[in-house]
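So the structure is just underneath, and the comments pick up after that.
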2 protein chains.
Amino acid sequence: MTSTAPLPPEELLRGAGLRVTATRTAALRALEETRHATADDVLGSVRAQLGTVSVQAVYDVLHALTDAGLLRRIEPAGHPARYERRTGDNHHHVVCRSCGAIGDVDCAVGHAPCLTPSDDNGFAVETAEVTYWGLCPRCR
Amino acid sequence: MTSTAPLPPEELLRGAGLRVTATRTAALRALEETRHATADDVLGSVRAQLGTVSVQAVYDVLHALTDAGLLRRIEPAGHPARYERRTGDNHHHVVCRSCGAIGDVDCAVGHAPCLTPSDDNGFAVETAEVTYWGLCPRCR
DNA sequence: CCCGCTCACTGGAATGATTCCAGATTAGCG
DNA sequence: CGCTAATCTGGAATCATTCCAGTGAGCGGG
């Protein structure tokens with residue numbers, strides 16, 4: 001439904017009840033340009049914007065924003081985690097086996113297709129996620 | 001289709017064109033008991049069977065067997081990788097957010113449901129995998 | 001407009017799964 | 001029965017991420 005609103009980072013932070021700090025706004029800005037960035041990508045971008053920033057600060061920020069629901073964390077097996085600002089709609093991802101690049105994929109079938117397990121083994125299932133594996137255009 | 005055949009480890013190895021070694025048969029046996037074991041679980045079980053075995057040997061074996069198609073590797077975000085002997089049919093998994101326990105789930109909808117992306121972003125998609133997240137009976 | 005209380009950021013060390021290396025050993029085909 | 005590639009050993013190295021302890025800065029109340 002709600003496509004990521006074009007709100008400025010400050011509004012987003014305040015709206016989520018978080019303090020507005022340089023590191024945080026910089027991180028959000030970084031993820032506006034690069035839609036699926038790794039912690040390291042964000043670190044680089046934040047440093048480019050602000051100068052010296054510790055590794056820890058970026059991890060803290062990413063966690064805080066993820067917990068607040070402003071970011072979604074994606075962890076493809078065998079590749080470092082990536083973060084994206086598109087949240088709320090549960091879309092899926094195509095991951096490049098070679099370089100780890102990620103692309104968004106809206107669910108083919110209308111809504112929650114095979115996302116209800118036939119047999120839940122007694123688990124209390126909360127969410128389902130689909131990952132497509134392949135090669136990105138550049139790696140082919 | 002082919003549910004894991006009740007073939008003895010030796011047959012499986014030979015059938016895959018691999019040399020039959022103690023470590024390998026022990027690893028396969030370990031995965032007969034524990035269906036979704038971590039590398040560390042396998043290491044423990046193999047040592048219990050054979051005595052001294054190096055960490056490396058187990059990782060080598062797991063890789064060799066995975067490459068040969070005798071094992072399938074599962075890497076749940078935030079948890080160490082696990083291995084299973086059920087291969088060939090592409091079933092999915094429920095993962096416990098808390099302890100990382102894994103259960104098998106056959107695809108709800110008959111066959112390859114939403115497993116064809118609507119827009120592949122130019123990627124050459126090869127496989128799709130579904131992961132259900134929740135809490136296992138014990139962790140509830 | 002100032003004050004203090006948290007929460008955020010710094011820098012450096014630690015963790016944990018997995019991999020790399022180089023050399024010794026061994027299975028099993030021919 | 002010998003050879004050669006496949007295995008195994010033990011230890012060090014990698015990489016993303018986290019833990020820790022101390023310093024510093026938002027921001028709501030006074």
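Residue numbering restarts at 1 in every chain; chains get A, B, ... in the order shown in the structure tokens, and ligands count up from 1 in that same order.
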Per residue of chain B within 10 Å of chain D, what are the shortest atom pair and its distance in Å to one decimal, counting only C-alpha atoms (C1' of nucleotides), with rows by chain and residue number, as a Markdown table?
| residue | atom | partner | partner_atom | distance |
| --- | --- | --- | --- | --- |
| B:Leu18 | CA | D:DA6 | C1' | 9.4 |
| B:Arg19 | CA | D:DA6 | C1' | 8.2 |
| B:Thr21 | CA | D:DT7 | C1' | 8.8 |
| B:Thr23 | CA | D:DC8 | C1' | 9.6 |
| B:Val53 | CA | D:DC8 | C1' | 8.5 |
| B:Ser54 | CA | D:DT9 | C1' | 6.6 |
| B:Val55 | CA | D:DT9 | C1' | 9.3 |
| B:Gln56 | CA | D:DC8 | C1' | 8.0 |
| B:Ala57 | CA | D:DC8 | C1' | 6.0 |
| B:Val58 | CA | D:DC8 | C1' | 9.7 |
| B:Asp60 | CA | D:DT7 | C1' | 8.7 |
| B:Val61 | CA | D:DT7 | C1' | 9.2 |
Quick one: write out the picked residues with N, CA and C atoms as a short mmCIF file (atom, residue, chain, number, x, y, z; two decimals), in the first residue's frame?
data_model
loop_
_atom_site.label_atom_id
_atom_site.label_comp_id
_atom_site.auth_asym_id
_atom_site.auth_seq_id
_atom_site.Cartn_x
_atom_site.Cartn_y
_atom_site.Cartn_z
N LEU B 18 31.85 -40.44 -5.38
CA LEU B 18 32.77 -39.96 -4.35
C LEU B 18 33.42 -41.13 -3.64
N ARG B 19 34.61 -40.89 -3.16
CA ARG B 19 35.29 -41.93 -2.42
C ARG B 19 34.59 -42.17 -1.08
N THR B 21 34.74 -42.68 2.58
CA THR B 21 35.66 -42.52 3.70
C THR B 21 34.86 -42.54 4.99
N THR B 23 34.92 -40.50 7.54
CA THR B 23 34.33 -39.21 7.89
C THR B 23 33.03 -38.96 7.13
N VAL B 53 38.55 -35.95 14.97
CA VAL B 53 38.33 -35.50 13.60
C VAL B 53 38.49 -33.98 13.60
N SER B 54 39.17 -33.46 12.62
CA SER B 54 39.40 -32.02 12.58
C SER B 54 38.17 -31.25 12.10
N VAL B 55 38.11 -30.01 12.53
CA VAL B 55 37.01 -29.13 12.13
C VAL B 55 36.99 -29.07 10.61
N GLN B 56 38.18 -28.91 10.06
CA GLN B 56 38.31 -28.77 8.62
C GLN B 56 37.74 -29.95 7.86
N ALA B 57 38.02 -31.15 8.34
CA ALA B 57 37.56 -32.35 7.68
C ALA B 57 36.04 -32.32 7.53
N VAL B 58 35.37 -31.89 8.59
CA VAL B 58 33.92 -31.85 8.55
C VAL B 58 33.40 -30.82 7.55
N ASP B 60 34.99 -29.78 4.96
CA ASP B 60 35.31 -30.30 3.63
C ASP B 60 34.25 -31.31 3.20
N VAL B 61 33.95 -32.21 4.10
CA VAL B 61 32.97 -33.24 3.78
C VAL B 61 31.62 -32.63 3.47
#
Over every C-alpha pair, in sequence order, do a least-squares fit of chain A onto chain B and save the fitted chain as a PDB file with C-alpha atoms, in the first residue's frame.
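Final output, saved to part00.pdb:
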ATOM      1  CA  MET A   1       9.219 -37.127  -5.994  1.00  0.00           C
ATOM      2  CA  THR A   2      12.152 -39.151  -4.790  1.00  0.00           C
ATOM      3  CA  SER A   3      11.964 -39.218  -1.060  1.00  0.00           C
ATOM      4  CA  THR A   4      15.439 -39.735   0.322  1.00  0.00           C
ATOM      5  CA  ALA A   5      16.168 -43.324  -0.526  1.00  0.00           C
ATOM      6  CA  PRO A   6      17.007 -45.629   2.371  1.00  0.00           C
ATOM      7  CA  LEU A   7      20.363 -46.398   0.815  1.00  0.00           C
ATOM      8  CA  PRO A   8      23.364 -46.966   3.062  1.00  0.00           C
ATOM      9  CA  PRO A   9      25.858 -44.084   3.089  1.00  0.00           C
ATOM     10  CA  GLU A  10      28.452 -46.097   1.161  1.00  0.00           C
ATOM     11  CA  GLU A  11      26.096 -46.596  -1.773  1.00  0.00           C
ATOM     12  CA  LEU A  12      25.187 -42.945  -1.827  1.00  0.00           C
ATOM     13  CA  LEU A  13      28.828 -41.914  -1.904  1.00  0.00           C
ATOM     14  CA  ARG A  14      29.804 -44.358  -4.623  1.00  0.00           C
ATOM     15  CA  GLY A  15      26.722 -43.451  -6.606  1.00  0.00           C
ATOM     16  CA  ALA A  16      27.854 -39.831  -6.532  1.00  0.00           C
ATOM     17  CA  GLY A  17      31.361 -40.789  -7.607  1.00  0.00           C
ATOM     18  CA  LEU A  18      32.891 -39.859  -4.285  1.00  0.00           C
ATOM     19  CA  ARG A  19      35.476 -41.755  -2.292  1.00  0.00           C
ATOM     20  CA  VAL A  20      34.120 -43.674   0.631  1.00  0.00           C
ATOM     21  CA  THR A  21      35.793 -42.468   3.795  1.00  0.00           C
ATOM     22  CA  ALA A  22      35.022 -42.875   7.460  1.00  0.00           C
ATOM     23  CA  THR A  23      34.402 -39.170   7.941  1.00  0.00           C
ATOM     24  CA  ARG A  24      31.927 -39.037   5.099  1.00  0.00           C
ATOM     25  CA  THR A  25      29.869 -42.030   6.069  1.00  0.00           C
ATOM     26  CA  ALA A  26      29.847 -40.796   9.648  1.00  0.00           C
ATOM     27  CA  ALA A  27      28.603 -37.400   8.522  1.00  0.00           C
ATOM     28  CA  LEU A  28      25.809 -38.945   6.489  1.00  0.00           C
ATOM     29  CA  ARG A  29      24.838 -41.109   9.417  1.00  0.00           C
ATOM     30  CA  ALA A  30      24.802 -38.077  11.672  1.00  0.00           C
ATOM     31  CA  LEU A  31      22.304 -36.434   9.324  1.00  0.00           C
ATOM     32  CA  GLU A  32      20.083 -39.484   9.378  1.00  0.00           C
ATOM     33  CA  GLU A  33      19.388 -38.942  13.043  1.00  0.00           C
ATOM     34  CA  THR A  34      19.375 -35.173  13.171  1.00  0.00           C
ATOM     35  CA  ARG A  35      17.567 -34.000  10.085  1.00  0.00           C
ATOM     36  CA  HIS A  36      18.694 -30.396  10.203  1.00  0.00           C
ATOM     37  CA  ALA A  37      22.114 -30.271  11.813  1.00  0.00           C
ATOM     38  CA  THR A  38      24.646 -27.462  11.989  1.00  0.00           C
ATOM     39  CA  ALA A  39      28.263 -28.044  11.035  1.00  0.00           C
ATOM     40  CA  ASP A  40      28.989 -28.127  14.733  1.00  0.00           C
ATOM     41  CA  ASP A  41      26.320 -30.733  15.407  1.00  0.00           C
ATOM     42  CA  VAL A  42      27.775 -32.889  12.669  1.00  0.00           C
ATOM     43  CA  LEU A  43      31.265 -32.404  14.049  1.00  0.00           C
ATOM     44  CA  GLY A  44      30.101 -33.575  17.456  1.00  0.00           C
ATOM     45  CA  SER A  45      28.320 -36.595  16.073  1.00  0.00           C
ATOM     46  CA  VAL A  46      31.215 -37.568  13.822  1.00  0.00           C
ATOM     47  CA  ARG A  47      33.647 -37.324  16.716  1.00  0.00           C
ATOM     48  CA  ALA A  48      31.356 -39.461  18.833  1.00  0.00           C
ATOM     49  CA  GLN A  49      31.503 -42.086  16.105  1.00  0.00           C
ATOM     50  CA  LEU A  50      35.158 -41.888  15.150  1.00  0.00           C
ATOM     51  CA  GLY A  51      37.120 -40.180  17.878  1.00  0.00           C
ATOM     52  CA  THR A  52      39.395 -37.360  16.747  1.00  0.00           C
ATOM     53  CA  VAL A  53      38.302 -35.495  13.640  1.00  0.00           C
ATOM     54  CA  SER A  54      39.385 -32.013  12.628  1.00  0.00           C
ATOM     55  CA  VAL A  55      36.989 -29.144  12.193  1.00  0.00           C
ATOM     56  CA  GLN A  56      38.259 -28.745   8.692  1.00  0.00           C
ATOM     57  CA  ALA A  57      37.499 -32.324   7.717  1.00  0.00           C
ATOM     58  CA  VAL A  58      33.849 -31.842   8.579  1.00  0.00           C
ATOM     59  CA  TYR A  59      33.562 -28.624   6.628  1.00  0.00           C
ATOM     60  CA  ASP A  60      35.275 -30.280   3.684  1.00  0.00           C
ATOM     61  CA  VAL A  61      32.930 -33.229   3.843  1.00  0.00           C
ATOM     62  CA  LEU A  62      29.847 -31.083   4.101  1.00  0.00           C
ATOM     63  CA  HIS A  63      30.962 -29.067   1.100  1.00  0.00           C
ATOM     64  CA  ALA A  64      31.821 -32.126  -0.929  1.00  0.00           C
ATOM     65  CA  LEU A  65      28.485 -33.762  -0.194  1.00  0.00           C
ATOM     66  CA  THR A  66      26.618 -30.554  -0.875  1.00  0.00           C
ATOM     67  CA  ASP A  67      28.363 -30.102  -4.213  1.00  0.00           C
ATOM     68  CA  ALA A  68      27.598 -33.694  -5.080  1.00  0.00           C
ATOM     69  CA  GLY A  69      23.938 -33.076  -4.386  1.00  0.00           C
ATOM     70  CA  LEU A  70      23.722 -35.472  -1.457  1.00  0.00           C
ATOM     71  CA  LEU A  71      23.089 -32.663   0.974  1.00  0.00           C
ATOM     72  CA  ARG A  72      21.278 -29.390   0.900  1.00  0.00           C
ATOM     73  CA  ARG A  73      22.597 -26.417   2.744  1.00  0.00           C
ATOM     74  CA  ILE A  74      20.248 -24.079   4.564  1.00  0.00           C
ATOM     75  CA  GLU A  75      21.447 -20.699   5.784  1.00  0.00           C
ATOM     76  CA  PRO A  76      18.924 -18.909   7.938  1.00  0.00           C
ATOM     77  CA  ALA A  77      19.805 -15.263   8.483  1.00  0.00           C
ATOM     78  CA  GLY A  78      21.391 -14.799  11.872  1.00  0.00           C
ATOM     79  CA  HIS A  79      21.974 -18.479  12.519  1.00  0.00           C
ATOM     80  CA  PRO A  80      24.753 -20.858  11.538  1.00  0.00           C
ATOM     81  CA  ALA A  81      24.120 -22.930   8.415  1.00  0.00           C
ATOM     82  CA  ARG A  82      22.372 -26.278   8.641  1.00  0.00           C
ATOM     83  CA  TYR A  83      22.441 -29.302   6.407  1.00  0.00           C
ATOM     84  CA  GLU A  84      19.785 -31.812   5.476  1.00  0.00           C
ATOM     85  CA  ARG A  85      19.658 -35.011   3.458  1.00  0.00           C
ATOM     86  CA  ARG A  86      16.300 -34.424   1.906  1.00  0.00           C
ATOM     87  CA  THR A  87      17.111 -33.122  -1.543  1.00  0.00           C
ATOM     88  CA  GLY A  88      15.536 -33.246  -4.938  1.00  0.00           C
ATOM     89  CA  ASP A  89      12.101 -32.032  -3.969  1.00  0.00           C
ATOM     90  CA  ASN A  90      12.140 -28.361  -3.289  1.00  0.00           C
ATOM     91  CA  HIS A  91      10.392 -28.072  -0.002  1.00  0.00           C
ATOM     92  CA  HIS A  92      10.708 -25.090   2.287  1.00  0.00           C
ATOM     93  CA  HIS A  93      11.527 -24.425   5.922  1.00  0.00           C
ATOM     94  CA  VAL A  94      10.132 -22.911   9.082  1.00  0.00           C
ATOM     95  CA  VAL A  95      12.902 -21.349  11.149  1.00  0.00           C
ATOM     96  CA  CYS A  96      12.646 -20.503  14.828  1.00  0.00           C
ATOM     97  CA  ARG A  97      13.636 -16.881  15.379  1.00  0.00           C
ATOM     98  CA  SER A  98      14.835 -17.710  18.823  1.00  0.00           C
ATOM     99  CA  CYS A  99      16.819 -20.949  18.676  1.00  0.00           C
ATOM    100  CA  GLY A 100      17.228 -21.484  14.953  1.00  0.00           C
ATOM    101  CA  ALA A 101      15.451 -24.838  14.951  1.00  0.00           C
ATOM    102  CA  ILE A 102      14.170 -25.863  11.545  1.00  0.00           C
ATOM    103  CA  GLY A 103      11.155 -27.761  10.326  1.00  0.00           C
ATOM    104  CA  ASP A 104      10.242 -28.964   6.848  1.00  0.00           C
ATOM    105  CA  VAL A 105       7.285 -27.511   5.023  1.00  0.00           C
ATOM    106  CA  ASP A 106       5.906 -28.807   1.786  1.00  0.00           C
ATOM    107  CA  CYS A 107       4.690 -26.144  -0.525  1.00  0.00           C
ATOM    108  CA  ALA A 108       1.149 -25.194   0.359  1.00  0.00           C
ATOM    109  CA  VAL A 109      -0.028 -24.533  -3.145  1.00  0.00           C
ATOM    110  CA  GLY A 110       0.627 -27.454  -5.444  1.00  0.00           C
ATOM    111  CA  HIS A 111       3.707 -26.547  -7.424  1.00  0.00           C
ATOM    112  CA  ALA A 112       5.987 -23.525  -7.654  1.00  0.00           C
ATOM    113  CA  PRO A 113       3.399 -20.992  -6.549  1.00  0.00           C
ATOM    114  CA  CYS A 114       4.741 -17.499  -6.414  1.00  0.00           C
ATOM    115  CA  LEU A 115       8.098 -18.824  -7.434  1.00  0.00           C
ATOM    116  CA  THR A 116       8.213 -16.983 -10.699  1.00  0.00           C
ATOM    117  CA  PRO A 117       8.963 -13.336 -10.151  1.00  0.00           C
ATOM    118  CA  SER A 118       6.666 -10.830 -11.795  1.00  0.00           C
ATOM    119  CA  ASP A 119       9.584  -8.631 -12.745  1.00  0.00           C
ATOM    120  CA  ASP A 120      13.021 -10.182 -12.719  1.00  0.00           C
ATOM    121  CA  ASN A 121      14.968  -6.908 -12.973  1.00  0.00           C
ATOM    122  CA  GLY A 122      17.062  -8.414 -15.728  1.00  0.00           C
ATOM    123  CA  PHE A 123      18.307 -11.158 -13.442  1.00  0.00           C
ATOM    124  CA  ALA A 124      18.603 -14.715 -14.719  1.00  0.00           C
ATOM    125  CA  VAL A 125      16.554 -16.332 -11.978  1.00  0.00           C
ATOM    126  CA  GLU A 126      17.403 -19.945 -11.273  1.00  0.00           C
ATOM    127  CA  THR A 127      15.732 -20.863  -8.028  1.00  0.00           C
ATOM    128  CA  ALA A 128      13.369 -19.520  -5.432  1.00  0.00           C
ATOM    129  CA  GLU A 129      13.264 -20.348  -1.800  1.00  0.00           C
ATOM    130  CA  VAL A 130      10.685 -19.684   0.848  1.00  0.00           C
ATOM    131  CA  THR A 131      11.457 -19.282   4.521  1.00  0.00           C
ATOM    132  CA  TYR A 132       8.827 -19.065   7.215  1.00  0.00           C
ATOM    133  CA  TRP A 133       9.859 -17.333  10.423  1.00  0.00           C
ATOM    134  CA  GLY A 134       8.267 -17.958  13.779  1.00  0.00           C
ATOM    135  CA  LEU A 135       8.777 -19.653  17.112  1.00  0.00           C
ATOM    136  CA  CYS A 136       9.198 -23.361  17.583  1.00  0.00           C
ATOM    137  CA  PRO A 137       7.111 -25.245  20.142  1.00  0.00           C
ATOM    138  CA  ARG A 138       9.911 -25.217  22.708  1.00  0.00           C
ATOM    139  CA  CYS A 139      10.611 -21.489  22.466  1.00  0.00           C
ATOM    140  CA  ARG A 140       7.045 -20.287  22.688  1.00  0.00           C
TER     141      ARG A 140
END
Check the DSSP output for the backbone and give back, as a ChimeraX atom specification, the residues of chain B in strand (DSSP E or B).
-> /B:37-38,72-74,82-84,92-96,102-105,124-135
Check the DSSP output for the backbone and give back, as a PyMOL selection string, the residues of chain B in alpha helix (DSSP H).
-> chain B and resi 9-15+22-33+39-50+55-67
Atoms kept (N, CA and C atoms) for selection, written as a short mmCIF file (atom, residue, chain, number, x, y, z; two decimals), in the first residue's frame:
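Writing done, so here's out11.cif:
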data_model
loop_
_atom_site.label_atom_id
_atom_site.label_comp_id
_atom_site.auth_asym_id
_atom_site.auth_seq_id
_atom_site.Cartn_x
_atom_site.Cartn_y
_atom_site.Cartn_z
N PRO B 9 24.86 -45.10 3.50
CA PRO B 9 25.79 -44.04 3.13
C PRO B 9 26.78 -44.43 2.04
N GLU B 10 27.31 -45.65 2.14
CA GLU B 10 28.31 -46.09 1.17
C GLU B 10 27.76 -46.03 -0.26
N GLU B 11 26.54 -46.53 -0.40
CA GLU B 11 25.91 -46.55 -1.72
C GLU B 11 25.75 -45.13 -2.25
N LEU B 12 25.28 -44.26 -1.37
CA LEU B 12 25.06 -42.88 -1.77
C LEU B 12 26.35 -42.27 -2.30
N LEU B 13 27.42 -42.46 -1.54
CA LEU B 13 28.71 -41.90 -1.92
C LEU B 13 29.17 -42.45 -3.26
N ARG B 14 29.16 -43.77 -3.38
CA ARG B 14 29.58 -44.38 -4.64
C ARG B 14 28.72 -43.89 -5.78
N GLY B 15 27.44 -43.87 -5.52
CA GLY B 15 26.52 -43.42 -6.56
C GLY B 15 26.82 -42.01 -7.05
N ALA B 22 35.58 -42.81 6.07
CA ALA B 22 34.93 -42.92 7.37
C ALA B 22 34.22 -41.61 7.74
N THR B 23 34.92 -40.50 7.54
CA THR B 23 34.33 -39.21 7.89
C THR B 23 33.03 -38.96 7.13
N ARG B 24 33.04 -39.30 5.89
CA ARG B 24 31.84 -39.05 5.07
C ARG B 24 30.66 -39.91 5.48
N THR B 25 30.92 -41.18 5.69
CA THR B 25 29.80 -42.03 6.07
C THR B 25 29.29 -41.60 7.45
N ALA B 26 30.23 -41.21 8.31
CA ALA B 26 29.82 -40.79 9.64
C ALA B 26 28.96 -39.53 9.56
N ALA B 27 29.35 -38.63 8.68
CA ALA B 27 28.59 -37.38 8.53
C ALA B 27 27.19 -37.68 8.01
N LEU B 28 27.10 -38.57 7.05
CA LEU B 28 25.79 -38.92 6.51
C LEU B 28 24.94 -39.58 7.58
N ARG B 29 25.57 -40.41 8.39
CA ARG B 29 24.83 -41.07 9.45
C ARG B 29 24.32 -40.05 10.46
N ALA B 30 25.19 -39.08 10.74
CA ALA B 30 24.80 -38.04 11.70
C ALA B 30 23.54 -37.34 11.22
N LEU B 31 23.46 -37.12 9.90
CA LEU B 31 22.32 -36.40 9.35
C LEU B 31 21.09 -37.28 9.15
N GLU B 32 21.26 -38.56 9.47
CA GLU B 32 20.10 -39.43 9.41
C GLU B 32 19.30 -39.23 10.70
N GLU B 33 20.06 -39.11 11.78
CA GLU B 33 19.41 -38.91 13.08
C GLU B 33 18.88 -37.48 13.22
N ALA B 39 26.98 -27.43 11.26
CA ALA B 39 28.29 -28.01 11.03
C ALA B 39 28.84 -28.52 12.37
N ASP B 40 28.55 -27.73 13.40
CA ASP B 40 29.04 -28.09 14.72
C ASP B 40 28.37 -29.36 15.25
N ASP B 41 27.10 -29.50 14.99
CA ASP B 41 26.37 -30.71 15.41
C ASP B 41 27.01 -31.92 14.73
N VAL B 42 27.25 -31.77 13.44
CA VAL B 42 27.82 -32.87 12.67
C VAL B 42 29.21 -33.20 13.22
N LEU B 43 29.97 -32.16 13.49
CA LEU B 43 31.31 -32.38 14.03
C LEU B 43 31.23 -33.20 15.31
N GLY B 44 30.32 -32.83 16.18
CA GLY B 44 30.17 -33.55 17.44
C GLY B 44 29.80 -35.00 17.21
N SER B 45 28.82 -35.20 16.35
CA SER B 45 28.36 -36.55 16.08
C SER B 45 29.45 -37.41 15.44
N VAL B 46 30.19 -36.82 14.52
CA VAL B 46 31.24 -37.57 13.84
C VAL B 46 32.34 -37.93 14.83
N ARG B 47 32.66 -37.01 15.71
CA ARG B 47 33.68 -37.30 16.71
C ARG B 47 33.21 -38.41 17.65
N ALA B 48 31.93 -38.40 17.95
CA ALA B 48 31.40 -39.43 18.84
C ALA B 48 31.54 -40.79 18.16
N GLN B 49 31.43 -40.81 16.85
CA GLN B 49 31.53 -42.07 16.12
C GLN B 49 32.97 -42.50 15.88
N LEU B 50 33.82 -41.53 15.56
CA LEU B 50 35.17 -41.88 15.13
C LEU B 50 36.32 -41.48 16.05
N VAL B 55 38.11 -30.01 12.53
CA VAL B 55 37.01 -29.13 12.13
C VAL B 55 36.99 -29.07 10.61
N GLN B 56 38.18 -28.91 10.06
CA GLN B 56 38.31 -28.77 8.62
C GLN B 56 37.74 -29.95 7.86
N ALA B 57 38.02 -31.15 8.34
CA ALA B 57 37.56 -32.35 7.68
C ALA B 57 36.04 -32.32 7.53
N VAL B 58 35.37 -31.89 8.59
CA VAL B 58 33.92 -31.85 8.55
C VAL B 58 33.40 -30.82 7.55
N TYR B 59 34.02 -29.65 7.55
CA TYR B 59 33.59 -28.64 6.59
C TYR B 59 33.85 -29.13 5.17
N ASP B 60 34.99 -29.78 4.96
CA ASP B 60 35.31 -30.30 3.63
C ASP B 60 34.25 -31.31 3.20
N VAL B 61 33.95 -32.21 4.10
CA VAL B 61 32.97 -33.24 3.78
C VAL B 61 31.62 -32.63 3.47
N LEU B 62 31.19 -31.70 4.30
CA LEU B 62 29.89 -31.08 4.08
C LEU B 62 29.85 -30.38 2.72
N HIS B 63 30.95 -29.72 2.38
CA HIS B 63 30.99 -29.05 1.08
C HIS B 63 30.97 -30.05 -0.06
N ALA B 64 31.78 -31.09 0.10
CA ALA B 64 31.84 -32.10 -0.96
C ALA B 64 30.47 -32.72 -1.18
N LEU B 65 29.82 -33.09 -0.09
CA LEU B 65 28.51 -33.72 -0.21
C LEU B 65 27.46 -32.76 -0.74
N THR B 66 27.60 -31.49 -0.37
CA THR B 66 26.64 -30.50 -0.86
C THR B 66 26.83 -30.32 -2.36
N ASP B 67 28.10 -30.21 -2.79
CA ASP B 67 28.37 -30.04 -4.22
C ASP B 67 27.88 -31.25 -5.01
#
Using only C-alpha atoms (C1' of nucleotides), tabulate the residues of chain C lying at most 10 Å from any atom of chain B, each with its closest atom pair and that distance in Å to one decimal, by chain and increasing residue number, as JSON lines.
{"residue": "C:DG16", "atom": "C1'", "partner": "B:Pro80", "partner_atom": "CA", "distance": 9.2}
{"residue": "C:DA17", "atom": "C1'", "partner": "B:Pro80", "partner_atom": "CA", "distance": 6.7}
{"residue": "C:DT18", "atom": "C1'", "partner": "B:Tyr59", "partner_atom": "CA", "distance": 8.4}
{"residue": "C:DT19", "atom": "C1'", "partner": "B:Gln56", "partner_atom": "CA", "distance": 9.1}
{"residue": "C:DT26", "atom": "C1'", "partner": "B:Thr21", "partner_atom": "CA", "distance": 9.8}
{"residue": "C:DA27", "atom": "C1'", "partner": "B:Arg19", "partner_atom": "CA", "distance": 7.0}
{"residue": "C:DG28", "atom": "C1'", "partner": "B:Arg19", "partner_atom": "CA", "distance": 8.1}
